[in-house]
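What follows is structure_33.txt (compact mmCIF, C-alpha atoms).
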# COMPACT_ATOMS: atom_id res chain seq x y z
CA MET A 1 -5.54 60.38 -4.08
CA GLY A 2 -3.20 63.22 -5.08
CA ALA A 3 -2.36 61.52 -8.37
CA LEU A 4 -6.04 61.00 -9.19
CA LYS A 5 -6.81 64.65 -8.42
CA THR A 6 -4.00 65.80 -10.71
CA ILE A 7 -5.31 63.61 -13.53
CA TRP A 8 -8.85 64.96 -13.03
CA VAL A 9 -7.71 68.60 -13.09
CA GLU A 10 -5.69 67.96 -16.22
CA LEU A 11 -8.62 66.32 -17.98
CA THR A 12 -11.13 69.06 -17.00
CA ARG A 13 -9.11 72.27 -17.28
CA PRO A 14 -10.26 74.78 -19.98
CA ARG A 15 -8.67 74.36 -23.37
CA THR A 16 -7.33 77.24 -25.53
CA LEU A 17 -7.29 77.52 -29.28
CA LYS A 18 -4.71 79.64 -31.12
CA ILE A 19 -6.11 81.34 -34.27
CA PRO A 20 -3.74 82.78 -36.86
CA GLY A 21 -3.93 86.62 -36.91
CA ARG A 22 -5.44 86.75 -33.41
CA LYS A 23 -3.15 87.99 -30.65
CA ALA A 24 -4.91 86.36 -27.72
CA PRO A 25 -5.80 82.66 -27.80
CA LEU A 26 -9.44 81.82 -27.84
CA THR A 27 -10.51 80.08 -24.66
CA ARG A 28 -13.10 77.37 -25.13
CA ARG A 29 -15.40 77.73 -22.19
CA SER A 30 -18.47 75.93 -23.26
CA GLY A 31 -18.45 72.12 -23.05
CA ARG A 32 -15.04 72.05 -21.35
CA ARG A 33 -15.88 68.66 -19.75
CA SER A 34 -17.39 67.02 -22.79
CA GLY A 35 -16.15 63.40 -23.19
CA ILE A 36 -15.21 62.99 -19.53
CA ALA A 37 -18.48 61.25 -18.69
CA LEU A 38 -17.85 58.69 -21.41
CA LEU A 39 -14.30 58.13 -20.16
CA VAL A 40 -15.51 57.66 -16.59
CA ALA A 41 -18.27 55.28 -17.72
CA VAL A 42 -15.88 53.16 -19.79
CA THR A 43 -13.33 53.04 -16.98
CA THR A 44 -16.00 52.08 -14.45
CA LEU A 45 -17.32 49.30 -16.68
CA LEU A 46 -13.78 48.03 -17.21
CA VAL A 47 -13.06 47.93 -13.48
CA LEU A 48 -16.39 46.27 -12.73
CA SER A 49 -15.78 43.68 -15.45
CA VAL A 50 -12.39 42.79 -13.97
CA VAL A 51 -13.83 42.59 -10.45
CA VAL A 52 -16.80 40.44 -11.51
CA SER A 53 -14.58 38.13 -13.60
CA GLU A 54 -12.15 37.74 -10.69
CA LEU A 55 -14.97 37.01 -8.25
CA ALA A 56 -16.48 34.48 -10.65
CA TYR A 57 -13.09 32.75 -11.10
CA ILE A 58 -12.37 32.66 -7.37
CA SER A 59 -15.88 31.30 -6.70
CA GLN A 60 -15.39 28.58 -9.32
CA VAL A 61 -12.01 27.61 -7.88
CA ARG A 62 -13.39 27.48 -4.36
CA PHE A 63 -16.34 25.44 -5.54
CA GLN A 64 -14.04 22.93 -7.25
CA VAL A 65 -11.84 22.73 -4.15
CA ALA A 66 -14.86 22.19 -1.92
CA TYR A 67 -16.24 19.61 -4.35
CA HIS A 68 -12.90 17.78 -4.39
CA GLN A 69 -12.62 17.92 -0.60
CA ARG A 70 -16.12 16.51 -0.31
CA ASP A 71 -15.22 13.63 -2.65
CA LYS A 72 -11.95 13.08 -0.79
CA ALA A 73 -13.75 12.94 2.56
CA GLN A 74 -16.24 10.42 1.18
CA ALA A 75 -13.40 8.38 -0.36
CA TYR A 76 -11.61 8.34 3.01
CA TRP A 77 -14.65 6.98 4.83
CA LEU A 78 -15.24 4.40 2.12
CA ALA A 79 -11.64 3.25 2.55
CA ARG A 80 -12.13 3.30 6.31
CA SER A 81 -15.20 1.10 5.85
CA GLY A 82 -13.05 -1.51 4.09
CA VAL A 83 -10.63 -1.52 7.03
CA ASN A 84 -13.48 -1.80 9.55
CA ILE A 85 -15.09 -4.69 7.66
CA TYR A 86 -11.86 -6.66 7.68
CA GLN A 87 -11.27 -5.84 11.32
CA LEU A 88 -14.71 -7.31 12.02
CA VAL A 89 -13.80 -10.40 9.97
CA LEU A 90 -10.54 -10.83 11.92
CA VAL A 91 -12.31 -10.42 15.26
CA GLY A 92 -14.88 -13.01 14.17
CA ASP A 93 -12.10 -15.32 13.07
CA LYS A 94 -10.45 -15.04 16.47
CA GLN A 95 -13.74 -15.75 18.23
CA ILE A 96 -14.49 -18.77 16.05
CA GLY A 97 -10.96 -20.03 16.52
CA ARG A 98 -10.10 -23.51 15.43
CA GLN A 99 -13.67 -24.46 14.59
CA ILE A 100 -12.91 -23.28 11.04
CA GLU A 101 -9.95 -25.68 10.87
CA SER A 102 -12.09 -28.68 11.71
CA PHE A 103 -14.80 -27.51 9.31
CA ALA A 104 -12.23 -27.17 6.50
CA GLY A 105 -11.42 -30.85 6.74
CA GLY A 106 -7.65 -30.39 6.62
CA LEU A 107 -7.68 -28.54 3.31
CA GLY A 108 -5.54 -25.75 4.72
CA VAL A 109 -8.36 -23.18 4.80
CA ALA A 110 -7.91 -22.54 8.49
CA SER A 111 -9.13 -18.96 8.84
CA LEU A 112 -12.24 -16.97 8.10
CA TRP A 113 -10.28 -14.13 6.48
CA GLN A 114 -8.81 -16.57 3.94
CA MET A 115 -12.31 -17.24 2.66
CA VAL A 116 -12.72 -13.54 1.78
CA PRO A 117 -9.23 -12.29 0.83
CA VAL A 118 -10.77 -9.39 -1.14
CA ILE A 119 -13.85 -7.29 -0.34
CA ASN A 120 -15.13 -4.57 -2.65
CA THR A 121 -18.29 -2.65 -3.40
CA GLY A 122 -19.20 -4.86 -6.34
CA LEU A 123 -19.02 -8.01 -4.23
CA MET A 124 -21.22 -6.48 -1.55
CA ARG A 125 -23.77 -5.30 -4.13
CA MET A 126 -23.86 -8.81 -5.59
CA LEU A 127 -24.46 -10.29 -2.14
CA PHE A 128 -27.25 -7.85 -1.29
CA VAL A 129 -28.91 -7.49 -4.67
CA GLY A 130 -31.60 -9.91 -3.62
CA ASP A 131 -31.95 -11.33 -7.13
CA ALA A 132 -30.12 -14.58 -7.74
CA SER A 133 -30.84 -14.45 -11.46
CA SER A 134 -28.66 -11.34 -11.74
CA VAL A 135 -25.73 -13.31 -10.38
CA ASP A 136 -26.34 -16.30 -12.62
CA ASP A 137 -26.57 -14.09 -15.72
CA LEU A 138 -23.05 -12.68 -15.31
CA ASP A 139 -20.79 -13.42 -18.25
CA GLU A 140 -17.04 -14.11 -17.97
CA ASP A 141 -16.07 -10.48 -18.62
CA GLU A 142 -18.36 -9.24 -15.86
CA VAL A 143 -17.00 -11.83 -13.42
CA GLN A 144 -13.43 -10.80 -14.27
CA GLN A 145 -14.29 -7.12 -13.87
CA LEU A 146 -15.91 -7.83 -10.52
CA GLY A 147 -12.74 -9.54 -9.29
CA GLU A 148 -10.33 -6.93 -10.61
CA ASN A 149 -11.98 -3.63 -9.69
CA GLY A 150 -15.20 -4.49 -7.89
CA LYS A 151 -17.44 -3.10 -10.63
CA VAL A 152 -20.88 -4.48 -11.46
CA SER A 153 -23.40 -3.53 -14.09
CA ASP A 154 -25.59 -0.47 -13.60
CA GLU A 155 -28.66 -2.73 -13.30
CA ILE A 156 -27.17 -4.69 -10.40
CA ALA A 157 -25.88 -1.53 -8.71
CA GLU A 158 -29.33 0.05 -8.96
CA ALA A 159 -31.03 -3.10 -7.69
CA SER A 160 -28.72 -3.18 -4.67
CA ARG A 161 -29.78 0.37 -3.77
CA GLU A 162 -33.50 -0.28 -3.86
CA GLY A 163 -35.28 -1.20 -0.69
CA GLY A 164 -33.55 -2.87 2.18
CA GLY A 165 -33.73 0.06 4.56
CA SER A 166 -32.49 -0.43 8.08
CA LEU A 167 -34.50 -0.26 11.28
CA PHE A 168 -33.50 3.38 11.78
CA SER A 169 -33.63 4.62 8.20
CA ASP A 170 -35.44 3.92 4.95
CA ARG A 171 -32.19 4.38 3.05
CA ASN A 172 -30.23 1.30 1.97
CA PHE A 173 -26.72 1.24 3.44
CA LEU A 174 -25.39 0.48 -0.07
CA ASP A 175 -26.97 3.63 -1.46
CA PHE A 176 -23.83 5.74 -1.61
CA GLU A 177 -21.68 7.34 -4.25
CA GLY A 178 -18.30 5.80 -5.04
CA ASP A 179 -16.62 2.44 -4.50
CA PHE A 180 -14.07 0.80 -2.24
CA SER A 181 -11.83 -2.23 -2.50
CA ALA A 182 -9.95 -3.85 0.39
CA GLU A 183 -7.67 -6.83 0.84
CA VAL A 184 -5.88 -8.46 3.74
CA THR A 185 -2.48 -10.15 3.89
CA ASP A 186 -0.84 -12.23 6.55
CA ASN A 187 2.42 -10.81 7.92
CA GLU A 188 3.45 -14.07 9.55
CA SER A 189 3.68 -15.79 6.18
CA ARG A 190 6.63 -13.47 5.49
CA ILE A 191 10.14 -13.10 6.95
CA ASP A 192 10.38 -10.45 9.67
CA VAL A 193 13.65 -8.58 9.02
CA ASN A 194 13.55 -6.92 12.45
CA ILE A 195 14.33 -10.35 13.94
CA LEU A 196 17.74 -10.22 12.26
CA ALA A 197 18.94 -8.13 15.20
CA ASN A 198 18.44 -11.13 17.52
CA VAL A 199 21.93 -12.57 17.08
CA GLY A 200 23.73 -13.47 20.28
CA GLU A 201 27.07 -11.97 21.18
CA GLY A 202 29.87 -13.79 19.40
CA GLN A 203 27.45 -15.51 16.98
CA LEU A 204 27.52 -15.10 13.22
CA ILE A 205 24.53 -13.91 11.27
CA GLN A 206 24.63 -17.20 9.37
CA SER A 207 23.27 -18.89 12.50
CA GLN A 208 20.16 -16.70 12.68
CA PRO A 209 17.03 -18.60 11.48
CA ALA A 210 15.48 -15.65 9.63
CA ALA A 211 18.82 -15.01 7.91
CA GLN A 212 19.07 -18.67 6.91
CA PHE A 213 15.57 -18.54 5.44
CA LEU A 214 16.44 -15.39 3.49
CA PHE A 215 19.56 -17.11 2.21
CA GLY A 216 17.40 -20.03 1.12
CA LEU A 217 15.35 -17.61 -0.97
CA MET A 218 18.37 -15.95 -2.59
CA SER A 219 21.06 -18.63 -2.86
CA ASN A 220 19.79 -20.77 -5.74
CA ASP A 221 21.73 -20.74 -9.01
CA GLU A 222 19.19 -18.58 -10.81
CA ASP A 223 19.09 -15.88 -8.14
CA MET A 224 22.84 -16.02 -7.58
CA ALA A 225 23.42 -15.31 -11.28
CA TRP A 226 20.90 -12.46 -11.12
CA LEU A 227 22.68 -10.95 -8.11
CA ARG A 228 26.17 -11.34 -9.56
CA GLU A 229 25.09 -9.35 -12.61
CA ARG A 230 24.51 -6.51 -10.15
CA ASN A 231 27.71 -7.15 -8.13
CA MET A 232 25.77 -8.36 -5.09
CA GLU A 233 26.00 -11.37 -2.80
CA PRO A 234 23.20 -12.84 -0.64
CA TRP A 235 25.05 -12.68 2.68
CA GLU A 236 26.14 -9.12 2.01
CA LEU A 237 22.53 -8.05 1.41
CA ILE A 238 21.33 -9.94 4.49
CA GLY A 239 24.18 -8.48 6.55
CA ASN A 240 23.21 -4.95 5.48
CA LEU A 241 19.69 -5.56 6.75
CA LYS A 242 21.02 -6.75 10.10
CA ASP A 243 23.40 -3.79 10.36
CA TRP A 244 20.47 -1.40 9.93
CA VAL A 245 18.61 -2.82 12.96
CA ASP A 246 21.37 -3.98 15.31
CA ALA A 247 22.91 -1.77 18.00
CA ASP A 248 26.58 -1.86 16.96
CA ASN A 249 28.45 -0.03 14.19
CA ILE A 250 30.44 -2.95 12.75
CA ARG A 251 29.41 -4.61 9.50
CA SER A 252 28.10 -8.17 9.74
CA ALA A 253 28.54 -11.30 7.61
CA GLY A 254 32.32 -11.21 8.11
CA LEU A 255 32.71 -8.16 5.85
CA GLY A 256 34.36 -5.89 8.42
CA GLY A 257 34.46 -2.11 8.45
CA TYR A 258 31.96 0.42 9.72
CA GLU A 259 28.28 0.31 8.84
CA ASP A 260 28.01 4.04 8.18
CA SER A 261 30.72 3.92 5.52
CA LEU A 262 28.09 2.54 3.11
CA TYR A 263 25.97 5.67 3.44
CA ASN A 264 28.52 8.50 3.73
CA SER A 265 28.72 8.76 -0.06
CA GLN A 266 24.96 8.95 -0.54
CA GLU A 267 23.35 12.21 -1.62
CA PRO A 268 22.45 13.40 0.93
CA PRO A 269 24.56 11.25 3.30
CA TYR A 270 22.86 9.53 6.23
CA LEU A 271 23.60 7.03 9.00
CA THR A 272 22.38 3.54 9.78
CA LYS A 273 19.34 3.55 12.03
CA ASN A 274 20.52 0.95 14.59
CA ALA A 275 16.87 0.41 15.50
CA PRO A 276 13.97 -1.68 14.14
CA PHE A 277 12.34 -0.85 10.82
CA ASP A 278 9.15 1.17 11.19
CA THR A 279 7.76 0.48 7.71
CA ILE A 280 8.41 -1.97 4.89
CA ASP A 281 9.39 0.89 2.56
CA GLU A 282 12.21 1.84 4.94
CA ILE A 283 14.07 -1.24 3.67
CA ARG A 284 14.74 0.73 0.48
CA LEU A 285 17.17 2.90 2.47
CA VAL A 286 19.45 -0.09 3.14
CA GLU A 287 22.46 -0.39 0.87
CA GLY A 288 21.77 -2.84 -1.98
CA TRP A 289 18.02 -3.00 -1.30
CA GLN A 290 17.00 -0.12 -3.52
CA ASP A 291 14.86 -0.60 -6.61
CA GLU A 292 15.29 -4.02 -8.28
CA VAL A 293 16.33 -6.04 -5.22
CA PHE A 294 13.43 -4.77 -3.14
CA ASP A 295 11.02 -5.29 -6.02
CA LYS A 296 12.20 -8.91 -6.31
CA TYR A 297 12.32 -9.92 -2.64
CA GLY A 298 10.24 -7.29 -0.82
CA LYS A 299 7.03 -9.32 -1.17
CA TYR A 300 8.57 -11.99 1.08
CA LEU A 301 9.52 -9.54 3.85
CA THR A 302 7.71 -7.80 6.68
CA VAL A 303 8.58 -5.60 9.64
CA PHE A 304 5.53 -6.65 11.69
CA SER A 305 4.97 -10.16 12.99
CA GLY A 306 4.41 -12.14 16.14
CA GLY A 307 7.86 -13.73 15.86
CA LYS A 308 6.74 -16.97 14.20
CA LEU A 309 6.08 -18.08 10.62
CA ASN A 310 2.81 -19.47 9.30
CA PRO A 311 3.51 -21.93 6.44
CA ASN A 312 -0.22 -22.39 5.85
CA ASN A 313 -0.11 -19.21 3.78
CA TRP A 314 3.18 -19.76 1.96
CA ASP A 315 3.43 -19.91 -1.79
CA GLU A 316 5.58 -22.40 -3.72
CA THR A 317 8.69 -20.23 -3.51
CA MET A 318 8.56 -20.01 0.29
CA HIS A 319 8.09 -23.77 0.63
CA ALA A 320 11.00 -24.38 -1.76
CA ALA A 321 13.22 -22.01 0.26
CA ALA A 322 12.34 -23.84 3.50
CA ILE A 323 13.13 -27.19 1.88
CA ALA A 324 16.45 -25.90 0.51
CA MET A 325 17.36 -24.50 3.93
CA ALA A 326 16.72 -27.73 5.85
CA ASP A 327 17.54 -30.39 3.22
CA PRO A 328 21.19 -30.14 2.04
CA SER A 329 20.44 -32.25 -1.05
CA TRP A 330 18.50 -29.28 -2.50
CA LEU A 331 21.05 -26.61 -1.65
CA ASN A 332 21.73 -24.12 -4.47
CA GLN A 333 18.80 -25.40 -6.52
CA PRO A 334 16.39 -22.82 -7.97
CA PRO A 335 12.88 -22.91 -6.47
CA ASP A 336 11.46 -23.83 -9.87
CA ASN A 337 13.79 -26.84 -10.05
CA ILE A 338 12.85 -27.95 -6.55
CA ILE A 339 9.14 -27.64 -7.26
CA THR A 340 9.40 -29.40 -10.62
CA SER A 341 11.63 -32.19 -9.34
CA LEU A 342 9.60 -32.94 -6.26
CA GLY A 343 6.32 -33.08 -8.16
CA CYS A 344 4.26 -32.82 -4.99
CA PHE A 345 3.16 -29.27 -5.78
CA SER A 346 1.29 -30.45 -8.87
CA ASP A 347 -0.69 -33.10 -6.99
CA PRO A 348 -4.12 -31.61 -6.09
CA LEU A 349 -4.55 -33.98 -3.15
CA ASN A 350 -0.99 -33.89 -1.82
CA ASN A 351 0.00 -30.31 -2.50
CA PRO A 352 1.95 -28.75 0.41
CA MET A 353 0.03 -25.51 -0.05
CA PHE A 354 -3.27 -27.29 0.71
CA GLN A 355 -2.21 -28.79 4.03
CA SER A 356 -2.62 -27.62 7.62
CA TYR A 357 0.54 -27.20 9.67
CA THR A 358 0.50 -26.70 13.43
CA ASN A 359 4.20 -26.78 14.41
CA LYS A 360 7.61 -27.36 12.84
CA ARG A 361 7.65 -31.11 13.58
CA ASN A 362 4.30 -31.48 11.84
CA TYR A 363 5.55 -29.35 8.93
CA VAL A 364 8.76 -31.33 8.45
CA GLN A 365 7.02 -34.71 8.67
CA THR A 366 4.25 -33.65 6.26
CA ILE A 367 6.68 -32.28 3.65
CA ASN A 368 8.89 -35.37 3.93
CA ASN A 369 5.88 -37.62 3.36
CA LEU A 370 4.39 -35.59 0.51
CA CYS A 371 7.55 -34.64 -1.36
CA GLN A 372 9.94 -37.42 -0.32
CA THR A 373 12.41 -34.92 1.12
CA GLN A 374 14.96 -35.58 3.86
CA MET A 375 14.52 -32.67 6.21
CA GLU A 376 15.45 -33.16 9.85
CA VAL A 377 13.49 -31.45 12.58
CA GLN A 378 16.69 -30.47 14.40
CA ASN A 379 17.96 -28.82 11.21
CA PHE A 380 14.78 -26.82 10.75
CA PRO A 381 15.34 -23.63 12.78
CA LEU A 382 12.05 -21.84 12.06
CA GLU A 383 9.32 -21.51 14.68
CA ILE A 384 5.96 -22.47 13.14
CA THR A 385 2.45 -21.33 14.01
CA SER A 386 -0.92 -22.20 12.52
CA ARG A 387 -2.73 -19.05 13.68
CA SER A 388 -1.46 -15.72 12.37
CA GLN A 389 -1.73 -12.73 14.69
CA VAL A 390 -0.60 -9.75 12.58
CA PHE A 391 -2.32 -8.64 9.38
CA THR A 392 -1.99 -5.83 6.87
CA ILE A 393 -5.23 -4.38 5.50
CA THR A 394 -5.05 -2.25 2.36
CA SER A 395 -8.26 -0.41 1.49
CA THR A 396 -8.87 2.14 -1.28
CA GLY A 397 -11.90 4.42 -1.54
CA LEU A 398 -12.79 6.07 -4.85
CA VAL A 399 -15.33 8.86 -5.40
CA GLY A 400 -15.24 10.70 -8.72
CA ASN A 401 -11.61 11.54 -9.40
CA SER A 402 -10.63 11.42 -5.72
CA ALA A 403 -8.96 8.31 -4.31
CA VAL A 404 -7.79 7.63 -0.75
CA LYS A 405 -5.72 4.59 0.23
CA ILE A 406 -5.42 3.39 3.83
CA THR A 407 -2.79 0.88 4.92
CA ALA A 408 -3.35 -0.52 8.40
CA VAL A 409 -1.40 -3.17 10.30
CA LEU A 410 -3.41 -4.87 13.03
CA SER A 411 -2.24 -7.19 15.77
CA MET A 412 -4.99 -9.59 16.78
CA GLN A 413 -3.33 -10.73 20.00
CA ARG A 414 -6.10 -8.77 21.68
CA ASN A 415 -9.75 -9.57 21.03
CA VAL A 416 -10.60 -6.34 19.20
CA GLY A 417 -7.19 -5.89 17.61
CA GLN A 418 -4.49 -3.29 18.11
CA ILE A 419 -3.36 -0.89 15.38
CA LEU A 420 0.41 -1.09 14.91
CA TYR A 421 0.62 1.09 11.80
CA TRP A 422 -1.74 3.47 10.02
CA ARG A 423 -1.07 5.37 6.81
CA VAL A 424 -3.42 7.45 4.65
CA GLU A 425 -2.43 8.32 1.09
Would you mind writing the file's structure down as structure tokens?
Amino acid sequence: MGALKTIWVELTRPRTLKIPGRKAPLTRRSGRRSGIALLVAVTTLLVLSVVVSELAYISQVRFQVAYHQRDKAQAYWLARSGVNIYQLVLVGDKQIGRQIESFAGGLGVASLWQMVPVINTGLMRMLFVGDASSVDDLDEDEVQQLGENGKVSDEIAEASREGGGSLFSDRNFLDFEGDFSAEVTDNESRIDVNILANVGEGQLIQSQPAAQFLFGLMSNDEDMAWLRERNMEPWELIGNLKDWVDADNIRSAGLGGYEDSLYNSQEPPYLTKNAPFDTIDEIRLVEGWQDEVFDKYGKYLTVFSGGKLNPNNWDETMHAAAIAMADPSWLNQPPDNIITSLGCFSDPLNNPMFQSYTNKRNYVQTINNLCQTQMEVQNFPLEITSRSQVFTITSTGLVGNSAVKITAVLSMQRNVGQILYWRVE
């Protein structure tokens, strides 16, 4: 306040004018404050302009943030809807049980969730549009777009929103902004790396069934050459996985040394966990499993399972690895060579991927009959199941420019399912 008062006094004090030949200066008394009103008015307008502009900017920013948060909240609940729908499908599948297997006629479609591996907004709008002609009139591009991103034409989307109100509301439950897309995968069709810790005292990792299966995936000539280019060996990679989850500090696979020595040189350095993996992405922390190796083999791995493997959901590579593991005549052969040589995978009626397997004896006998292999049941160490219990649901909600992805792992050992893992991105 003192500085402002000084400025005001300086601006309003009387001015003097020195005139040549006049001894005393002439004091200008009249109009001594002329121009001050204009200065004050301009300053006031300037300050008000800054304040108004700042308020307008802050209001716009807050509006955009609120708008984005609204879209993000809607996207979250759309993604949550995808998870809930699949949870309902899995509960229904468990209730129906093996009736689906008998209905499928042995074609390997043993579960309700396999009939709807992907659910999205477009598919639901197609199902509830109430106009069959709209479905029949879809061209190939529209069908492809529906499968890839769940989009349908504006006409179909609008038709799905009209009418169809529920008992409690006149609004159609499909009348919402945004889209969602969800898919479900079976964890028991993958190799559970947490089981690698289950090696008895004095036993080698090479005797562990999950390790043998992993070796079957990685030991063919093609993969061995790929790994050697990167100075890696299958048993070393498998041993590093076991060392991460087992309780001791000694390296496995006959390599010797301390487990933590692999990670002391990392930036920043860290220690082996000596506990089970919590997420699939945690595998990237294991020495050798960063980047390319994980990208190549990560799709065959899981950290959640019921302890058994379900071959009903295997692809050709998994079947080839199982055959190579249990039939020595195919050892070190690339999966492509095994599949091509056997020929059974190209037979629509006798394709191993279209069969139903209930236990390992049934699996071995079926593969031997279809593919003329020589597997022995006693040499097949994997425990087989026909009913998967653990599933991963990935659901993405999209509203405007806001997207929310939910990854949920559900164990269906209970009737309503139990959430083992939940992540929102």
Check which residues of range 257-319 of chain A sit at most 12 Å from range 395-419 of chain A using only C-alpha atoms, and return one row each with the closest pair of atoms and their distance in Å to one decimal, ordered by chain and rising number, as JSON lines.
{"residue": "A:Asp278", "atom": "CA", "partner": "A:Val409", "partner_atom": "CA", "distance": 11.4}
{"residue": "A:Thr279", "atom": "CA", "partner": "A:Val409", "partner_atom": "CA", "distance": 10.2}
{"residue": "A:Ile280", "atom": "CA", "partner": "A:Val409", "partner_atom": "CA", "distance": 11.3}
{"residue": "A:Thr302", "atom": "CA", "partner": "A:Val409", "partner_atom": "CA", "distance": 10.8}
{"residue": "A:Val303", "atom": "CA", "partner": "A:Val409", "partner_atom": "CA", "distance": 10.3}
{"residue": "A:Phe304", "atom": "CA", "partner": "A:Val409", "partner_atom": "CA", "distance": 7.9}
{"residue": "A:Ser305", "atom": "CA", "partner": "A:Ser411", "partner_atom": "CA", "distance": 8.3}
{"residue": "A:Gly306", "atom": "CA", "partner": "A:Ser411", "partner_atom": "CA", "distance": 8.3}
Discussion item. At a cut-off of 7 Å, using all atoms listed in the file, what residues contact range 174-191 of chain A? Leave out same-chain residues fewer than 6 positions from it and give the result as a VMD selection string.
Written reply: chain A and resid 78 to 79 82 117 to 121 150 160 to 161 210 300 to 302 304 to 306 308 to 311 313 to 314 388 390 to 400
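The gap separating CA of Asp295 in chain A from CA of Pro335 in chain A is 17.7 Å, in Å to one decimal.
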Worksheet entry | Minimum-distance residue to Pro209 in chain A, chosen among A:Ala247, A:Leu123, A:Val89, A:Ala322 (using only C-alpha atoms) | A:Ala322
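Of the listed residues A:Thr317, A:Ile195, A:Arg387, A:Tyr297, the one whose atoms come nearest to Leu112 in chain A is A:Arg387, with distances taken using all atoms listed in the file.
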Worksheet entry | For Val199 in chain A: contacts at 12 Å, only C-alpha atoms, fewer than 3 positions along chain excluded, given as a PyMOL selection string | chain A and resi 194-196+202-211+239+242-243+245-248+252-253
Worksheet item: When you draw a straight line from CA of Gln372 in chain A to CA of Cys344 in chain A, how long is it in Å?
Response: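 Going from CA of Gln372 in chain A over to CA of Cys344 in chain A, I get 8.7 Å.
CA of Ala275 in chain A lies 8.8 Å from CA of Ala197 in chain A.
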Item to complete: Rank nothing, just name the residue among A:Val364, A:Leu285, A:Ala56, A:Val424 nearest to Glu376 in chain A, using all atoms listed in the file.
Response: A:Val364
Exercise: residues within 10 Å of coordinate (24.5, 2.0, 7.2), counting all atoms listed in the file, as a PDB file with C-alpha atoms, keeping the file's coordinate frame:
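So part.pdb came out as:
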ATOM      1  CA  ASN A 240      23.210  -4.950   5.480  1.00  0.00           C
ATOM      2  CA  LEU A 241      19.690  -5.560   6.750  1.00  0.00           C
ATOM      3  CA  LYS A 242      21.020  -6.750  10.100  1.00  0.00           C
ATOM      4  CA  ASP A 243      23.400  -3.790  10.360  1.00  0.00           C
ATOM      5  CA  TRP A 244      20.470  -1.400   9.930  1.00  0.00           C
ATOM      6  CA  VAL A 245      18.610  -2.820  12.960  1.00  0.00           C
ATOM      7  CA  ASN A 249      28.450  -0.030  14.190  1.00  0.00           C
ATOM      8  CA  ILE A 250      30.440  -2.950  12.750  1.00  0.00           C
ATOM      9  CA  ARG A 251      29.410  -4.610   9.500  1.00  0.00           C
ATOM     10  CA  TYR A 258      31.960   0.420   9.720  1.00  0.00           C
ATOM     11  CA  GLU A 259      28.280   0.310   8.840  1.00  0.00           C
ATOM     12  CA  ASP A 260      28.010   4.040   8.180  1.00  0.00           C
ATOM     13  CA  SER A 261      30.720   3.920   5.520  1.00  0.00           C
ATOM     14  CA  LEU A 262      28.090   2.540   3.110  1.00  0.00           C
ATOM     15  CA  TYR A 263      25.970   5.670   3.440  1.00  0.00           C
ATOM     16  CA  ASN A 264      28.520   8.500   3.730  1.00  0.00           C
ATOM     17  CA  TYR A 270      22.860   9.530   6.230  1.00  0.00           C
ATOM     18  CA  LEU A 271      23.600   7.030   9.000  1.00  0.00           C
ATOM     19  CA  THR A 272      22.380   3.540   9.780  1.00  0.00           C
ATOM     20  CA  LYS A 273      19.340   3.550  12.030  1.00  0.00           C
ATOM     21  CA  ASN A 274      20.520   0.950  14.590  1.00  0.00           C
ATOM     22  CA  LEU A 285      17.170   2.900   2.470  1.00  0.00           C
ATOM     23  CA  VAL A 286      19.450  -0.090   3.140  1.00  0.00           C
ATOM     24  CA  GLU A 287      22.460  -0.390   0.870  1.00  0.00           C
TER      25      GLU A 287
END
